[in-house]
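To keep things clear, I will list the structure first and then write my remarks on it.
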Amino acid sequence: MEGEKWRAMTENDGVELPLDLARSGDPAAITDFYQRFGDTVYRVALRLMGSSADAEDVVQDVFLGLPEALKTYAAKGSLEGWIKRVAVRTALMKLRKQRLRRESSLDEMVGIVGSTPPGSPVDRVALERAFQKLPLQLRSVFVLKEVEGYKHAEIGEILGISVTASKIQLFRARKRLRQDLEVLP
Amino acid sequence: MMFHPRFSQLNRFSDGDLSGGARARVAGHLAACTRCRRVVQSIREISAQGPQLMLEQPAPDLLDRILERRARGDRVILPLADPQPKSVAGWQVVSVAAALLVIGIAVCFLVLPMQPLRADHSELLFTPEKPEPGAVIQVEYRPSGLLAGEERLVLRARFRRPNDSPYRWTTHQVTAAELERDRDGTFHGSFQLPDSTVYAVFAVEDADGERLDSNGEALWELLTFEGEKQSYQSLFQRYAELMGRNWTEGVRNAEVMTELYPERIESWYALSAFQRWVPGGRGPDSVLAVIAARADSLNRRFATDFSLSEDDVASMYWIALSDARDSAMASFWWTRLSREAPRHPTRVQHLARRTRDEFPDDLSARLVRLEEIWDEYGDAHAYVAAAAYYAASQLEDVQAMSLWRPRVEAMEPWGLWGMAEDFVLYPELREAGMNRVRELISRLDAERGRDRTLRETVSLQRVRHDRTRRLYFATLGKALIDAGDFEAGIDTLELAVTAGWDPAVFSTVADAKLELGDRTGAVQMLSWLAVDPTTDSSAVAQASEAALAVVDSARWETLKAEGRTEMWRRLLAEAAPFASFPDDPVIGDSDGARTSLREIANGRAVLVVLWNQMSGPRGEQALHQVDSTRNRWQGERAEVIVVTNEPPSDELRVFVESEGLDVVLYYDVAGEVKENLNWWVVPSYVVIDGEFRLWYKGDFESSVRVVEALLAREHDIESGNVLVAPQQ
């Protein structure tokens with residue numbers, strides 16, 4: 001019946017975590033959620049915000065607001081996907097509000113990067129540095145596409161831009177990164 | 001001399017985005033060019049290393065700090081909705097999302113200019129008052145001044161059958177009857193209600209379809225009866241009709257359903273759905289608690305009732321999931337549903353939905369499972385087909401897309417455009433995609449009568465169709481160029497930009513012209529994009545950057561000035577004819593002080609947002625849009641205000657404050673704004689110019705554009721750039 005289809009689009013599936021307890025703000029349930037998703041939220045925030053202090057602010061915001069936010073959670077995808085998307089929005093909102101044009105905190109970054117695979121034309125440390133220098137919009141698209149694996153259509157929804165704009169900004173991010181890495185032929 | 005592909009081409013090659021011919025050319029070049037191979041390798045390496053960036057972990061005590069802050073009562077309201085896509089955020093190729101948005105808006109709203117305003121105090125009466133399906137209906141229409149001078153009028157209708165969906169997906173409009181004038185000035189006619197019809201809505205118009213009485217947008221309605229009470233199916237279809245149009249009335253209707261049909265579980269579900277949606281998805285705790293308690297009560301009452309119909313069992317499953325949010329209860333009702341109604345659409349739909357959880361990362365396996373579901377449960381499940389097509393398109397599996405396309409199209413004809421847009425992106429499917437677009441273009445003319453909504457005049461529909469047609473032409477033209485048919489592509493693109501103001505179209509055409517080397521033509525399109533008020537700043541910067549590679553800055557500024565003039569000419573040409581505002585409605589501010597709309601306008605253009613707390617899911621967004629726009633014109637050139645039909649109250653004040661909004665709400669004290677503006681669909685956006693004429697009623701972005709167009713026009717007149725003929 002046609003009615004079932006549109007009705008379902010706004011509704012919820014069951015989930016495994018203690019949703020009801022988390023919605024009520026139960027500390028043990030919040031801990032469960034944190035242990036499962038805390039690293040994920042932190043990493044996506046760190047990549048978008050560029051500093052661990054700002055990333056921790058985002059994590060705090062996400063888990064402080066999670067019980068109330070979960071009340072509107074309608075399982076249209078995985079719970080992890082939903083939380084990650086909330087984290088992305090929270091980070092972007094923070095960035096927009098603060099109009100961050102942060103200078104790259106390179107010292108902080110250098111210590112945490114891995115080694116570069118032998119034979120790779122791209123130096124990992126240099127890539128981290130170049131990445132940190134990307135303008136906010138380009139960095140956001142790069143993180144969402146290349147790191148978090150969102151489709152351009154999803155990035156468009158998250159950032160409020162078109163699919164085309166997402167593709168163009170990814171193109172520009174790659175171009176800038178290559179220029180900064182000085183691997184231009 | 002070797003010509004190297006541009007970086008953009010190598011980038012697209014790396015992503016597999018290049019079409020057959022271009023891909024082969026680049027691949028051939030790469031075979032011989034070390035330099036370009038290295039570029040492609042570095043692009044891929046950058047992508048591959050992305051997931052390795054910044055793999056730090058949070059501080060060990062972060063969780064403790066969070067729990068401590070919560071214990072102290074700290075709370076944060078998280079952003080749970082994505083921002084609205086800008087109409088244009090880039091200029092290089094057509095945006096699938098933006099294009100869909102444009103279509104969506106055209107369908108969902110009266111984006112277009114208004115025709116004559118209020119149709120005050122007309123009446124449409126039906127006899128018998130309590131008809132059954134198939135009954136002959138006598139119609140008496142007592143017109144207002146709007147239609148009183150006509151000899152003959154047309155009664156248009158949208159008939160709803162028991163299984164019709166909300167909005168206009170499965171319904172269309174028909175001429176129900178011609179009404180003839182009697183000597184006393186009333187109009188009479190009759191029609192037979194189709195046997196399949198359980199509910200209908202009506203509008204009356206003149207023979208040309210240009211003057212329209214939609215009963216103040218609310219339309220007239222006819223419910224069918226079973227004996228002395230409205231039939232359940234008529235109320236259910238009324239529920240579908242009200243969805244997204246008037247949430248206040250939707251709640252009232254659902255309450256009637258539960259009063260008249262308390263034994264129909266679906267009516268309880270309808271009530272809770274509206275109760276959740278009406279506050280815009282905010283669902284206050286108190287409301288959610290009531291809904292959950294009611295679900296619990298229904299569960300206790302019906303859990304051991306094995307005489308329930310299949311639909312009722314399915315409704316209980318929905319209620320367990322959405323109202324009770326109780327996994328044990330949901331599991332119980334799932335078991336009953338599986339046992340008692342294994343082929344019920346709800347069950348099949350959920351089987352399809354569960355494939356996302358079963359195979360979250362393996363779309364191929366998900367597709368196989370959906371095929372099994374399709375085979376097992378037959379081909380009557382649109383959701384299965386839609387889910388499979390989605391998985392196929394995500395996989396970019398053109399064979400699977402081709403397989404599922406006709407299955408989706410057979411059940412969801414409204415999905416044709418989305419798929420056509422998908423198809424033109426793939427060389428293997430491009431021809432099929434272009435044929436779909438051509439079919440859509442021909443449908444615009446062929447289905448003009450049934451497609452015209454009851455609140456839309458013939459002129460309004462023409463403007464909407466023209467806009468849609470231009471979008472189709474842009475997509476088709478681009479696809480033709482991608483397919484190598486440059487001449488036809490250019491001709492088709494030209495059709496897309498001859499009239500109207502469609503930034504998504506300009507974006508496509510700019511890209512195509514650049515690809516073809518028509519840099520002058522491309523720069524003109526870029527200038528139009530750059531001056532559109534809804535183009536975001538980064539897209540403006542990109543357009544400027546691209547243009548300044550072709551022309552110098554003085555020429556670029558000239559082109560933009562010309563673009564502004566072109567914008568207001570095109571936009572206001574579409575907006576005319578407009579109407580004068582009949583009255584000067586009195587409104588009150590939150591302190592109770594009274595003023596009038598004209599006083600607030602004070603010679604400026606005003607964007608009026610009609611809003612109330614029952615504005616449904618779009619309601620919050622409306623206020624946030626006002627909040628973000630109020631500084632746009634700084635109150636000097638134009639103003640944006642919110643008018644509500646709710647009297648000032650603490651609850652309202654607390655709501656606005658809790659949303660963190662800096663918005664002044666004006667109260668429609670005597671209902672004069674409602675009467676003058678046919679205010680029924682909320683939220684609505686209305687544009688009034690400095691001379692107090694109404695130009696527009698529709699969506700937010702279009703309203704902003706119209707305000708900017710009015711300002712640009714004013715600027716050109718003041719600066720003597722143009723001679724403007726007096727408006728009618």
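Within each chain, counting starts at residue 1; across the structure tokens, chains are named A, B, ... in the order shown, with ligands numbered 1 upward in that order.
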Item to check | Backbone-only DSSP, alpha helix (DSSP H) members of stretch 447-664 of chain B, as a PyMOL selection string | outcome: chain B and resi 448-451+458-482+486-497+503-516+519-531+537-548+553-575+597-601+619-629+650-658
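Proximity to B:Arg75 at 10 Å, evaluated using only C-alpha atoms and with sequence-adjacent residues fewer than 5 positions away removed, yields A:Gln60, A:Asp61, A:Val62, A:Phe63, A:Leu64, A:Gly65, A:Leu66, A:Pro67, A:Glu68, B:Arg69, B:Arg70.
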Output C-alpha atoms of each residue in that selection to a file, as an mmCIF file, in the first residue's frame.
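The new file selection.cif reads:
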data_model
loop_
_atom_site.group_PDB
_atom_site.id
_atom_site.type_symbol
_atom_site.label_atom_id
_atom_site.label_comp_id
_atom_site.auth_asym_id
_atom_site.auth_seq_id
_atom_site.Cartn_x
_atom_site.Cartn_y
_atom_site.Cartn_z
ATOM 1 C CA GLN A 60 32.156 17.273 24.520
ATOM 2 C CA ASP A 61 29.346 19.050 22.698
ATOM 3 C CA VAL A 62 28.302 15.911 20.876
ATOM 4 C CA PHE A 63 28.093 13.742 23.974
ATOM 5 C CA LEU A 64 26.605 16.478 26.145
ATOM 6 C CA GLY A 65 23.800 16.895 23.629
ATOM 7 C CA LEU A 66 23.500 13.269 22.576
ATOM 8 C CA PRO A 67 20.697 12.147 24.933
ATOM 9 C CA GLU A 68 18.388 14.915 23.755
ATOM 10 C CA ARG B 69 29.497 18.358 32.971
ATOM 11 C CA ARG B 70 26.262 16.490 32.329
#
Next on the checklist: Using Å and a single decimal, report how far atom CA of B:Glu421 sits from atom CA of B:Asp482.
Outcome noted: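 Separation of atom CA of B:Asp482 and atom CA of B:Glu421: 13.2 Å.
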Checklist entry - Hey, what's within 6 Å of stretch 167-181 of chain B if we count only C-alpha atoms and toss same-chain stuff fewer than 3 positions away? As a ChimeraX atom specification, please? => result /B:151-158,164,185-189,191,450
Next on the checklist: Report as number ranges by chain all protein, DNA and RNA residues lying within 6 Å of B:Val424, evaluated on only C-alpha atoms, omitting residues in the same chain fewer than 6 positions from it.
Outcome noted: B: 430, 433, 479
Next on the checklist: Could you list, as a ChimeraX atom specification, every residue within 7 Å of A:Phe142, counting only C-alpha atoms and ignoring same-chain residues fewer than 3 positions away?
Outcome noted: /A:138-139,145-146,170,173
Checklist entry - Hey, can you check how far atom CA of B:Glu255 sits from atom CA of B:Leu271? => result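 Going from atom CA of B:Glu255 over to atom CA of B:Leu271, I get 6.3 Å.
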Next on the checklist: To one decimal place in Å, what is the distance between atom CA of B:Ser364 and atom CA of A:Glu148?
Outcome noted: 20.4 Å
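For the residues B:Arg294, B:His381, B:Arg464, B:Arg564, ranking by smallest atom-to-atom distance to B:Asp451 using only C-alpha atoms places B:Arg464 first.
Shell of B:Phe692 at 9 Å, with only C-alpha atoms counted and residues fewer than 6 places along the chain excluded, is Ser580, Phe581, Asp584, Leu597, Arg598, Ala601, Gly603, Arg604, Ala605 and Val606 of chain B.
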Checklist entry - Hey, which of B:Ala81, B:Ala638, B:Leu495, B:Val656 ends up closest to A:Glu157? Count only C-alpha atoms. => result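 Checking each of B:Ala81, B:Ala638, B:Leu495, B:Val656 against A:Glu157, counting only C-alpha atoms, the winner is B:Ala81.
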Next on the checklist: I'd like to know which of B:Leu363, B:Thr492, B:Phe506, B:Asn11 is closest to B:Gln394, using only C-alpha atoms.
Outcome noted: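 Among B:Leu363, B:Thr492, B:Phe506, B:Asn11, it is B:Leu363 that comes nearest to B:Gln394.
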